[in-house]
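Chemist: I'm passing along my_file_13.tsv; it holds TSV, C-alpha atoms and all ligand atoms.
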chain	number	residue	atom	x	y	z
A	277	MET	CA	120.81	97.50	130.48
A	278	SER	CA	120.77	94.11	128.83
A	279	SER	CA	117.46	92.40	128.38
A	280	GLU	CA	118.48	89.48	130.64
A	281	HIS	CA	118.60	91.79	133.62
A	282	ASN	CA	115.18	93.36	133.19
A	283	GLY	CA	113.26	90.21	132.33
A	284	ARG	CA	112.79	91.23	128.72
A	285	ARG	CA	112.94	88.51	126.11
A	286	PRO	CA	111.25	89.97	123.01
A	287	TYR	CA	110.03	87.32	120.61
A	288	LEU	CA	110.16	88.22	116.92
A	289	PRO	CA	108.09	85.76	114.90
A	290	PRO	CA	109.90	84.68	111.72
A	291	PHE	CA	108.59	86.39	108.60
A	292	ARG	CA	106.54	83.86	106.66
A	293	ARG	CA	107.68	83.08	103.14
A	294	ASP	CA	104.05	82.44	102.24
A	295	TRP	CA	102.89	85.83	103.57
A	296	TRP	CA	101.20	86.56	100.26
A	297	LEU	CA	98.90	83.56	100.60
A	298	GLN	CA	97.52	84.76	103.94
A	299	LEU	CA	95.11	87.45	102.74
A	300	ARG	CA	93.05	88.04	99.62
A	301	PHE	CA	94.48	91.54	99.34
A	302	TYR	CA	98.04	90.13	99.12
A	303	ARG	CA	96.99	87.46	96.62
A	304	LEU	CA	95.56	90.13	94.31
A	305	TYR	CA	98.78	92.09	94.67
A	306	MET	CA	100.80	89.04	93.66
A	307	LEU	CA	98.47	88.48	90.71
A	308	ARG	CA	99.13	92.05	89.62
A	309	GLU	CA	102.88	91.48	89.83
A	310	ALA	CA	102.56	88.13	88.02
A	311	THR	CA	100.97	89.73	84.97
A	312	VAL	CA	104.50	90.41	83.79
A	313	LEU	CA	105.07	86.67	83.11
A	314	PRO	CA	102.66	86.20	80.16
A	315	LEU	CA	103.81	89.61	78.95
A	316	LEU	CA	107.34	88.24	78.68
A	317	PHE	CA	106.04	85.52	76.38
A	318	PHE	CA	104.33	88.12	74.19
A	319	VAL	CA	107.50	90.21	74.00
A	320	GLY	CA	109.34	87.05	72.91
A	321	CYS	CA	106.76	86.54	70.14
A	322	LEU	CA	107.18	90.15	69.08
A	323	ILE	CA	110.97	89.92	68.89
A	324	TYR	CA	110.70	86.67	66.95
A	325	GLY	CA	108.28	88.43	64.57
A	326	LEU	CA	110.61	91.39	64.01
A	327	TYR	CA	113.50	89.00	63.37
A	328	SER	CA	111.36	87.03	60.88
A	329	LEU	CA	110.37	90.22	59.11
A	330	GLY	CA	114.03	90.95	58.41
A	331	GLN	CA	114.69	87.41	57.12
A	332	GLY	CA	112.34	87.52	54.15
A	333	PRO	CA	108.91	86.14	53.15
A	334	ALA	CA	109.60	82.46	53.92
A	335	GLN	CA	110.60	83.14	57.52
A	336	TRP	CA	107.72	85.62	57.89
A	337	GLN	CA	105.28	82.87	56.85
A	338	LEU	CA	106.88	80.56	59.42
A	339	TRP	CA	106.25	83.18	62.11
A	340	LEU	CA	102.62	83.62	61.00
A	341	ASP	CA	102.15	79.84	61.24
A	342	PHE	CA	103.76	79.83	64.67
A	343	MET	CA	101.46	82.58	65.87
A	344	ALA	CA	98.39	80.78	64.53
A	345	GLN	CA	98.99	77.66	66.62
A	346	PRO	CA	96.24	77.17	69.23
A	347	TRP	CA	98.56	77.11	72.26
A	348	VAL	CA	100.30	80.33	71.16
A	349	PHE	CA	96.93	81.93	70.53
A	350	VAL	CA	95.62	80.90	73.95
A	351	LEU	CA	98.78	82.12	75.69
A	352	ASN	CA	98.48	85.47	73.94
A	353	LEU	CA	94.83	85.68	74.91
A	354	LEU	CA	95.97	85.15	78.49
A	355	THR	CA	98.52	87.93	77.99
A	356	LEU	CA	95.78	90.25	76.83
A	357	ALA	CA	93.65	89.44	79.87
A	358	ALA	CA	96.67	89.89	82.18
A	359	SER	CA	97.54	93.22	80.58
A	360	LEU	CA	93.99	94.48	80.92
A	361	PHE	CA	93.98	93.47	84.59
A	362	HIS	CA	97.31	95.19	85.10
A	363	ALA	CA	96.02	98.27	83.29
A	364	LYS	CA	92.98	98.34	85.56
A	365	THR	CA	95.09	98.23	88.73
A	366	PHE	CA	97.57	100.72	87.30
A	367	PHE	CA	94.89	103.17	86.20
A	368	GLU	CA	93.36	103.04	89.67
A	369	LEU	CA	96.69	103.58	91.44
A	370	PHE	CA	97.90	106.36	89.17
A	371	PRO	CA	95.52	109.12	90.40
A	372	ARG	CA	96.82	108.50	93.92
A	373	VAL	CA	100.43	109.00	92.81
A	374	MET	CA	99.70	112.05	90.66
A	375	PRO	CA	96.46	113.62	91.84
A	376	LEU	CA	95.95	115.95	88.87
A	377	ALA	CA	92.16	115.63	88.61
A	378	PRO	CA	89.34	113.78	90.41
A	379	PRO	CA	90.30	110.05	90.45
A	380	ARG	CA	87.23	108.87	88.53
A	381	LEU	CA	87.90	111.35	85.77
A	382	MET	CA	91.53	110.25	85.54
A	383	ILE	CA	90.60	106.56	85.43
A	384	ALA	CA	88.03	107.18	82.68
A	385	GLY	CA	90.56	109.31	80.79
A	386	GLN	CA	93.20	106.57	80.90
A	387	TRP	CA	90.75	103.96	79.57
A	388	LEU	CA	89.65	106.36	76.85
A	389	GLY	CA	93.30	106.87	75.91
A	390	THR	CA	93.84	103.11	75.78
A	391	VAL	CA	90.87	102.58	73.48
A	392	VAL	CA	91.87	105.47	71.19
A	393	VAL	CA	95.47	104.23	70.91
A	394	ALA	CA	94.30	100.63	70.32
A	395	ILE	CA	91.87	101.65	67.56
A	396	GLY	CA	94.50	103.95	66.05
A	397	LEU	CA	97.04	101.10	65.94
A	398	ILE	CA	94.55	98.67	64.40
A	399	VAL	CA	93.65	101.18	61.67
A	400	LEU	CA	97.31	102.06	61.11
A	401	LEU	CA	98.34	98.41	60.80
A	402	GLY	CA	95.90	97.76	57.99
A	403	GLY	CA	92.71	96.80	59.74
A	404	TYR	CA	93.63	93.37	61.10
A	405	LEU	CA	91.11	91.93	63.60
B	134	MET	CA	75.56	86.59	124.39
B	135	THR	CA	78.71	84.66	125.04
B	136	GLN	CA	81.39	84.70	122.39
B	137	THR	CA	84.58	82.72	122.15
B	138	ILE	CA	87.78	84.55	121.30
B	139	VAL	CA	91.28	83.22	120.83
B	140	ILE	CA	94.19	85.32	122.06
B	141	ALA	CA	97.93	84.92	121.63
B	142	ARG	CA	99.67	84.82	125.01
B	143	TYR	CA	103.38	85.15	125.71
B	144	ASN	CA	105.09	85.43	129.03
B	145	PRO	CA	108.79	86.13	128.42
B	146	GLU	CA	109.71	84.75	131.83
B	147	LEU	CA	108.06	81.36	131.28
B	148	ASP	CA	107.32	80.74	127.62
B	149	GLU	CA	109.67	79.74	124.83
B	150	LYS	CA	107.34	81.41	122.32
B	151	PRO	CA	103.75	82.66	122.09
B	152	HIS	CA	100.82	80.25	122.20
B	153	GLN	CA	97.07	80.68	121.81
B	154	GLU	CA	94.41	80.49	124.49
B	155	THR	CA	90.64	80.51	124.30
B	156	TYR	CA	88.40	82.79	126.38
B	157	GLN	CA	84.68	83.38	126.76
B	158	VAL	CA	83.45	86.96	126.79
B	159	GLN	CA	80.05	88.61	127.04
B	160	SER	CA	79.19	90.59	123.94
B	161	ASP	CA	76.39	92.63	122.46
B	162	ASP	CA	76.24	94.91	119.43
B	163	ASN	CA	78.44	97.51	121.10
B	164	THR	CA	81.24	95.28	122.34
B	165	SER	CA	84.58	96.28	120.89
B	166	VAL	CA	87.67	94.10	120.74
B	167	LEU	CA	89.12	96.37	123.41
B	168	ASP	CA	86.09	95.73	125.67
B	169	ALA	CA	86.58	92.01	125.14
B	170	LEU	CA	90.28	92.24	126.03
B	171	GLN	CA	89.36	94.06	129.24
B	172	GLN	CA	86.96	91.27	130.15
B	173	VAL	CA	89.73	88.77	129.60
B	174	GLN	CA	91.99	90.81	131.85
B	175	GLN	CA	89.38	90.56	134.60
B	176	GLN	CA	89.47	86.79	134.22
B	177	ASP	CA	93.26	86.74	134.16
B	178	PRO	CA	94.96	89.85	135.60
B	179	SER	CA	98.32	88.78	134.16
B	180	PHE	CA	97.04	89.44	130.63
B	181	SER	CA	98.74	92.51	129.08
B	182	PHE	CA	97.72	94.82	126.25
B	183	ARG	CA	97.91	98.53	125.46
B	184	TRP	CA	95.10	101.05	125.29
B	185	SER	CA	94.28	104.55	126.43
B	186	CYS	CA	91.69	106.73	124.72
B	187	ARG	CA	89.05	104.17	123.64
B	188	MET	CA	88.14	106.48	120.75
B	189	ALA	CA	90.62	105.89	117.92
B	190	ILE	CA	92.74	108.89	118.81
B	191	CYS	CA	95.76	107.69	120.78
B	192	GLY	CA	96.78	104.88	118.44
B	193	SER	CA	97.92	102.54	121.21
B	194	CYS	CA	95.43	99.65	120.93
B	195	GLY	CA	96.59	98.10	117.66
B	196	VAL	CA	96.32	94.30	117.38
B	197	MET	CA	95.87	91.75	114.60
B	198	VAL	CA	92.31	90.49	114.29
B	199	ASN	CA	92.21	87.38	112.11
B	200	GLY	CA	95.49	88.43	110.54
B	201	VAL	CA	94.47	92.02	109.76
B	202	PRO	CA	95.85	95.00	111.73
B	203	LYS	CA	93.04	96.81	113.58
B	204	LEU	CA	92.49	99.32	116.36
B	205	GLY	CA	90.90	97.32	119.16
B	206	CYS	CA	88.64	100.18	120.21
B	207	GLN	CA	87.32	100.67	116.69
B	208	THR	CA	86.67	97.01	115.87
B	209	PHE	CA	83.50	95.28	116.97
B	210	LEU	CA	82.78	91.66	117.81
B	211	ARG	CA	79.49	91.85	115.91
B	212	ASP	CA	81.47	91.97	112.66
B	213	TYR	CA	83.09	88.60	113.40
B	214	PRO	CA	80.27	86.06	113.70
B	215	VAL	CA	82.67	83.20	112.92
B	216	GLY	CA	85.05	84.21	115.70
B	217	LEU	CA	88.21	86.17	116.33
B	218	VAL	CA	91.86	85.30	116.72
B	219	ILE	CA	93.68	88.22	118.30
B	220	THR	CA	97.45	88.36	117.99
B	221	PRO	CA	100.07	91.08	118.53
B	222	LEU	CA	100.85	93.50	115.68
B	223	SER	CA	102.86	91.68	113.02
B	224	ASN	CA	106.42	92.59	112.07
B	225	PHE	CA	107.25	93.77	115.60
B	226	ALA	CA	108.89	91.85	118.43
B	227	VAL	CA	106.47	90.70	121.11
B	228	GLU	CA	107.33	91.81	124.64
B	229	LYS	CA	104.41	90.19	126.45
B	230	ASP	CA	101.00	88.95	125.29
B	231	LEU	CA	99.68	91.64	122.90
B	232	ILE	CA	102.37	94.20	123.68
B	233	VAL	CA	105.01	94.73	121.02
B	234	ASN	CA	108.19	96.77	120.98
B	235	MET	CA	107.36	99.89	118.92
B	236	GLU	CA	110.89	101.28	119.22
B	237	PRO	CA	111.92	100.50	115.58
B	238	PHE	CA	108.79	102.32	114.37
B	239	LEU	CA	109.58	105.38	116.50
B	240	GLU	CA	113.16	105.41	115.22
B	241	HIS	CA	111.92	105.45	111.63
B	242	LEU	CA	109.54	108.28	112.47
B	243	SER	CA	112.20	110.50	113.98
B	244	ALA	CA	114.70	109.72	111.19
B	245	ILE	CA	112.70	111.76	108.69
B	246	LYS	CA	112.71	114.90	110.90
B	247	PRO	CA	108.95	115.17	111.44
B	248	TRP	CA	108.80	118.78	112.52
B	249	LEU	CA	108.70	122.19	110.87
B	250	ILE	CA	112.18	123.20	109.81
B	251	ASN	CA	112.19	126.91	109.25
B	252	THR	CA	115.01	129.39	109.50
B	253	ALA	CA	112.80	132.47	109.64
B	254	GLU	CA	113.70	134.71	112.56
B	255	GLY	CA	111.31	136.54	114.83
B	256	THR	CA	108.01	135.60	116.40
B	257	GLN	CA	105.56	136.35	113.57
B	258	PRO	CA	102.98	133.62	112.99
B	259	HIS	CA	103.42	131.50	109.88
B	260	VAL	CA	100.48	132.41	107.71
B	261	GLN	CA	98.93	129.59	105.72
B	262	THR	CA	95.96	129.66	103.35
B	263	PRO	CA	93.28	126.93	103.40
B	264	LYS	CA	94.56	125.85	100.00
B	265	GLN	CA	98.08	125.40	101.35
B	266	LEU	CA	96.71	123.46	104.30
B	267	ALA	CA	94.68	121.19	102.02
B	268	LYS	CA	97.88	120.07	100.28
B	269	TYR	CA	99.11	118.07	103.27
B	270	GLN	CA	96.13	117.81	105.63
B	271	GLN	CA	95.26	114.22	104.81
B	272	PHE	CA	98.83	113.12	105.58
B	273	ALA	CA	98.77	115.00	108.88
B	274	ASN	CA	95.98	112.84	110.31
B	275	CYS	CA	98.31	110.00	111.32
B	276	ILE	CA	97.93	108.84	114.93
B	277	ASN	CA	101.14	106.74	114.94
B	278	CYS	CA	99.27	103.51	115.59
B	279	GLY	CA	101.70	101.47	113.49
B	280	LEU	CA	98.98	99.37	111.82
B	281	CYS	CA	100.48	100.19	108.44
B	282	TYR	CA	103.81	98.61	109.47
B	283	SER	CA	102.03	95.38	110.33
B	284	ALA	CA	100.31	95.50	106.94
B	285	CYS	CA	103.55	96.04	105.02
B	286	PRO	CA	105.37	92.93	103.74
B	287	GLN	CA	108.34	95.06	102.70
B	288	PHE	CA	108.78	96.16	106.33
B	289	GLY	CA	108.36	92.53	107.40
B	290	LEU	CA	111.10	91.47	105.00
B	291	ASN	CA	113.37	94.41	105.77
B	292	PRO	CA	112.91	96.14	109.15
B	293	GLU	CA	115.32	98.85	108.02
B	294	PHE	CA	112.70	100.12	105.55
B	295	ARG	CA	111.56	103.51	106.82
B	296	GLY	CA	108.00	102.36	106.25
B	297	PRO	CA	104.56	103.84	105.50
B	298	ALA	CA	103.85	106.22	108.38
B	299	ALA	CA	107.37	107.71	108.47
B	300	LEU	CA	107.54	108.30	104.73
B	301	ALA	CA	104.00	109.70	104.71
B	302	LEU	CA	105.00	112.07	107.49
B	303	ALA	CA	108.08	113.16	105.55
B	304	HIS	CA	105.80	113.92	102.62
B	305	ARG	CA	103.43	115.80	104.92
B	306	TYR	CA	106.19	118.17	106.07
B	307	ASN	CA	107.66	118.50	102.58
B	308	LEU	CA	104.25	119.68	101.37
B	309	ASP	CA	103.83	122.20	104.18
B	310	SER	CA	104.24	125.78	102.97
B	311	ARG	CA	105.74	126.77	106.34
B	312	ASP	CA	108.51	124.19	106.07
B	313	GLN	CA	111.95	124.59	104.51
B	314	GLY	CA	113.39	121.21	105.47
B	315	LYS	CA	112.80	119.31	102.26
B	316	ALA	CA	116.47	119.33	101.25
B	317	GLN	CA	117.31	117.73	104.60
B	318	ARG	CA	114.66	115.03	104.23
B	319	MET	CA	115.27	114.07	100.60
B	320	PRO	CA	118.45	112.05	101.27
B	321	GLU	CA	116.36	109.87	103.63
B	322	LEU	CA	113.68	109.39	100.95
B	323	ASN	CA	116.24	108.69	98.22
B	324	ALA	CA	118.23	106.25	100.37
B	325	LYS	CA	118.23	102.48	100.04
B	326	ASN	CA	115.55	102.09	102.70
B	327	GLY	CA	113.54	105.09	101.56
B	328	VAL	CA	110.61	105.38	99.16
B	329	TRP	CA	112.05	103.04	96.50
B	330	THR	CA	111.73	100.01	98.77
B	331	CYS	CA	107.96	100.34	98.45
B	332	THR	CA	106.36	98.20	95.72
B	333	PHE	CA	102.85	99.63	96.22
B	334	VAL	CA	101.35	96.56	97.81
B	335	GLY	CA	98.96	99.14	99.25
B	336	PHE	CA	97.62	97.23	102.23
B	337	CYS	CA	98.95	99.97	104.54
B	338	SER	CA	96.37	102.38	103.12
B	339	GLU	CA	93.68	99.75	103.39
B	340	VAL	CA	94.19	99.23	107.14
B	341	CYS	CA	94.90	102.85	108.10
B	342	PRO	CA	92.16	103.92	110.55
B	343	LYS	CA	92.61	107.59	109.64
B	344	LYS	CA	92.54	107.30	105.82
B	345	VAL	CA	96.01	108.78	105.61
B	346	ASP	CA	96.74	106.73	102.46
B	347	PRO	CA	100.45	106.30	103.25
B	348	ALA	CA	100.93	104.28	100.03
B	349	ALA	CA	99.89	107.31	97.98
B	350	ALA	CA	102.20	109.53	100.03
B	351	ILE	CA	105.17	107.20	99.46
B	352	ASN	CA	104.54	107.00	95.76
B	353	GLN	CA	104.16	110.77	95.51
B	354	GLY	CA	107.47	110.76	97.38
B	355	LYS	CA	108.95	108.64	94.56
B	356	VAL	CA	108.04	111.38	92.09
B	357	GLU	CA	109.76	113.94	94.34
B	358	SER	CA	112.73	111.63	94.79
B	359	ALA	CA	113.11	111.14	91.03
B	360	LYS	CA	112.99	114.91	90.49
B	361	ASP	CA	115.51	115.44	93.27
B	362	MET	CA	117.92	112.88	91.83
B	363	ILE	CA	117.66	114.30	88.30
B	364	VAL	CA	118.21	117.85	89.54
B	365	SER	CA	121.22	116.85	91.63
B	366	ALA	CA	122.71	114.92	88.69
B	367	PHE	CA	122.87	118.15	86.70
B	368	LYS	CA	124.21	120.26	89.52
B	369	PRO	CA	127.96	120.85	89.49
B	370	THR	CA	129.62	118.88	92.29
B	371	GLY	CA	129.98	120.82	95.49
B	372	ALA	CA	126.89	122.90	94.81
B	373	ARG	CA	124.77	120.91	97.22
A	501	LIG	S1	99.56	106.11	108.53
A	501	LIG	FE1	97.59	105.32	109.33
A	501	LIG	S2	98.05	103.16	109.87
A	501	LIG	FE2	100.02	104.19	109.66
A	501	LIG	S3	100.55	104.86	111.75
A	501	LIG	FE3	99.49	106.60	110.76
A	501	LIG	S4	97.32	106.36	111.31
A	501	LIG	FE4	98.33	104.39	111.77
A	502	LIG	S1	92.51	103.07	122.71
A	502	LIG	FE1	93.26	104.87	121.72
A	502	LIG	S2	93.17	104.34	119.62
A	502	LIG	FE2	92.21	102.64	120.59
Can the structure in the file be given as structure tokens, please?

Modeler:
Amino acid sequence: MSSEHNGRRPYLPPFRRDWWLQLRFYRLYMLREATVLPLLFFVGCLIYGLYSLGQGPAQWQLWLDFMAQPWVFVLNLLTLAASLFHAKTFFELFPRVMPLAPPRLMIAGQWLGTVVVAIGLIVLLGGYL
Amino acid sequence: MTQTIVIARYNPELDEKPHQETYQVQSDDNTSVLDALQQVQQQDPSFSFRWSCRMAICGSCGVMVNGVPKLGCQTFLRDYPVGLVITPLSNFAVEKDLIVNMEPFLEHLSAIKPWLINTAEGTQPHVQTPKQLAKYQQFANCINCGLCYSACPQFGLNPEFRGPAALALAHRYNLDSRDQGKAQRMPELNAKNGVWTCTFVGFCSEVCPKKVDPAAAINQGKVESAKDMIVSAFKPTGAR
């Protein structure tokens, strides 16, 4: 029976393009997704650095100078903050996807792992920082 | 005391699209949104909404309260001192006032074969240990209210997405020791509108009145789906 004959005229509201602005929960989700943007910049820096390393000392110095510029430093600081925020959300979601142990234990374990790996890398790379 | 509430009204025989109207209701500490809607219906008998159990069991009284999906019978006016705007569940077509067409939701539910599939013959009971029950129990608490579909932007963008409750239910049966239907359900999970459409926004789990955590179920389903796809990639063709 067609809807004209039974008085039905269902109204489907259009899906809002700005749905993610409507609730705080959605805004935080979008922030989590957006953390990839500063990360892209950092990956660019890293590739540039690897390239410079292969080109000899002069180019390497150029890269070091580039990295020392205030705006690059600030952007990379932002990347660090974004990555830590992403890590926090990820570490909290992970125990729900793979419930291997009590969530709090898993979250603490992941942070411990992060700290250990970070310290290990800093030591390995000659104690910068 | 008297409280003002705003309600979306839509009469398919008269209105081009829904509009909002303001009503006065009497409320005290125990007044639920559902109570308020019933008062409004006494003022205007043409006002339509769904309800049945009044105790968060039947799942029929879902509405949006200030943009968040809620069970009307489990939501109280006292928690909204600045006022309430009550609209029909998002991402569904409105039939009249607060009543939406749940048909797409029901189709998604049945698509994942939400029943025990078991080829065992005879009439012996299926024995299950408490440990085996615990594996899926949380995902079996769903009351099919559909709140999670209104919370899901992926379902809003793509109504073909099987969605939170259906995929959680698929996971529930796949985890059930009495069930042998996993192989039949996996194609549905692996498919374009299956688990991989989910981006873990996670609001479904936030609004679920029964703490089912459908987002966790879907993402556990992704692990199963990945395993299933890897295994089938190494199987000789025709073995499935
Ligand atoms: S998973 Fe929760 S929100 Fe979704 S239909 Fe079931 S009870 Fe309702
Ligand atoms: S009336 Fe049954 S869940 Fe609210």

Chemist: Using CA of Trp295 (chain A) and CA of Gly192 (chain B) as the two end points, give the distance in Å to one decimal.

Modeler: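 Distance between the two atoms: 24.9 Å.
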
Chemist: Could you list, as a ChimeraX atom specification, all the residues within 7 Å of ligand LIG 501 (chain A), counting only C-alpha atoms and all ligand atoms?

Modeler: /B:192,274-282,297-298,301,337-338,340-347

Chemist: Around the point (106.9, 91.4, 108.4) in the file's coordinates, collect all residues with an atom within 9 Å, using only C-alpha atoms, and return them as a ChimeraX atom specification.

Modeler: /A:289-292,295 /B:223-225,282-292

Chemist: Just how far from CA of Phe294 (chain B) is CA of Lys246 (chain B), in Å to one decimal?

Modeler: 15.7 Å

Chemist: Nearest to Gly389 (chain A): which of A:Tyr305, A:Phe367, A:Trp336, A:Trp347 is it, counting all atoms listed in the file?

Modeler: A:Phe367

Chemist: Using all atoms listed in the file, can you tell me which of B:Leu249, B:Ile363, B:Glu146, B:Val328 comes closest to Asn282 (chain A)?

Modeler: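 Checking each candidate against Asn282 (chain A), we get B:Glu146 as the closest.
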
Chemist: Considering all atoms listed in the file, extract the chain A residues located within 7 Å of chain B and return them as a list of chain:residue names.

Modeler: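 Using all atoms listed in the file, chain A residues at most 7 Å from chain B: A:Gly283, A:Arg284, A:Arg285, A:Pro286, A:Tyr287, A:Leu288, A:Phe291, A:Tyr305, A:Arg372, A:Val373, A:Met374.
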
Chemist: By how many Å are CA of Arg380 (chain A) and CA of Val393 (chain A) apart?

Modeler: 20.0 Å

Chemist: Using only C-alpha atoms and all ligand atoms, find each residue in chain B having at least one atom no more than 8 Å away from ligand LIG 502 (chain A); report its shortest atom-to-atom pair and that distance in Å (one decimal), rows by chain then rising number, as a tab-separated table.

Modeler:
residue	atom	partner	partner_atom	distance
B:Leu167	CA	A:LIG502	FE2	7.5
B:Arg183	CA	A:LIG502	S1	7.6
B:Trp184	CA	A:LIG502	S1	4.2
B:Ser185	CA	A:LIG502	S1	4.4
B:Cys186	CA	A:LIG502	FE1	3.9
B:Arg187	CA	A:LIG502	S1	3.7
B:Met188	CA	A:LIG502	FE1	5.5
B:Ala189	CA	A:LIG502	S2	3.4
B:Ile190	CA	A:LIG502	S2	4.6
B:Cys191	CA	A:LIG502	FE1	3.9
B:Gly192	CA	A:LIG502	S2	3.8
B:Ser193	CA	A:LIG502	FE1	5.2
B:Cys194	CA	A:LIG502	FE2	4.4
B:Gly195	CA	A:LIG502	FE2	7.0
B:Leu204	CA	A:LIG502	FE2	5.4
B:Gly205	CA	A:LIG502	FE2	5.7
B:Cys206	CA	A:LIG502	FE2	4.4
B:Gln207	CA	A:LIG502	FE2	6.6
B:Cys278	CA	A:LIG502	S2	7.4

Chemist: With distances taken over only C-alpha atoms, which residue among B:Asn323, B:Gln136, B:Thr155, B:Ser365 lies nearest Val215 (chain B)?

Modeler: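 Residue with the minimum atom-to-atom distance to Val215 (chain B): B:Gln136.
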
Chemist: Using all atoms of region 320-335 of chain A that appear in the file, construct an axis-aligned enclosing box with 3 Å of padding on every side and provide its centre coordinates and edge lengths in Å, rounded to one decimal, as lines of an AutoDock Vina configuration file.

Modeler:
center_x = 110.7
center_y = 86.9
center_z = 63.0
size_x = 13.9
size_y = 14.9
size_z = 25.8

Chemist: Which is closest to Glu309 (chain A) among A:Cys321, A:Ala334, A:Phe370, A:His362, if we use all atoms listed in the file?

Modeler: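 Comparing A:Cys321, A:Ala334, A:Phe370, A:His362 against Glu309 (chain A), the winner is A:His362.
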
Chemist: His259 (chain B): which residues within 12 Å, counting only C-alpha atoms, same-chain residues fewer than 5 positions away excluded, as a PyMOL selection string?

Modeler: chain B and resi 249+251-254+265-266+309-312

Chemist: Identify which of the residues B:Glu321, B:Thr135, B:Ser160, B:Leu222 lies closest to Met235 (chain B), counting only C-alpha atoms when measuring atom-to-atom distances.

Modeler: B:Leu222

Chemist: Rank nothing, just name the residue among A:Ile323, A:Leu388, A:Leu354, A:Leu400 nearest to Ala310 (chain A), using all atoms listed in the file.

Modeler: A:Leu354
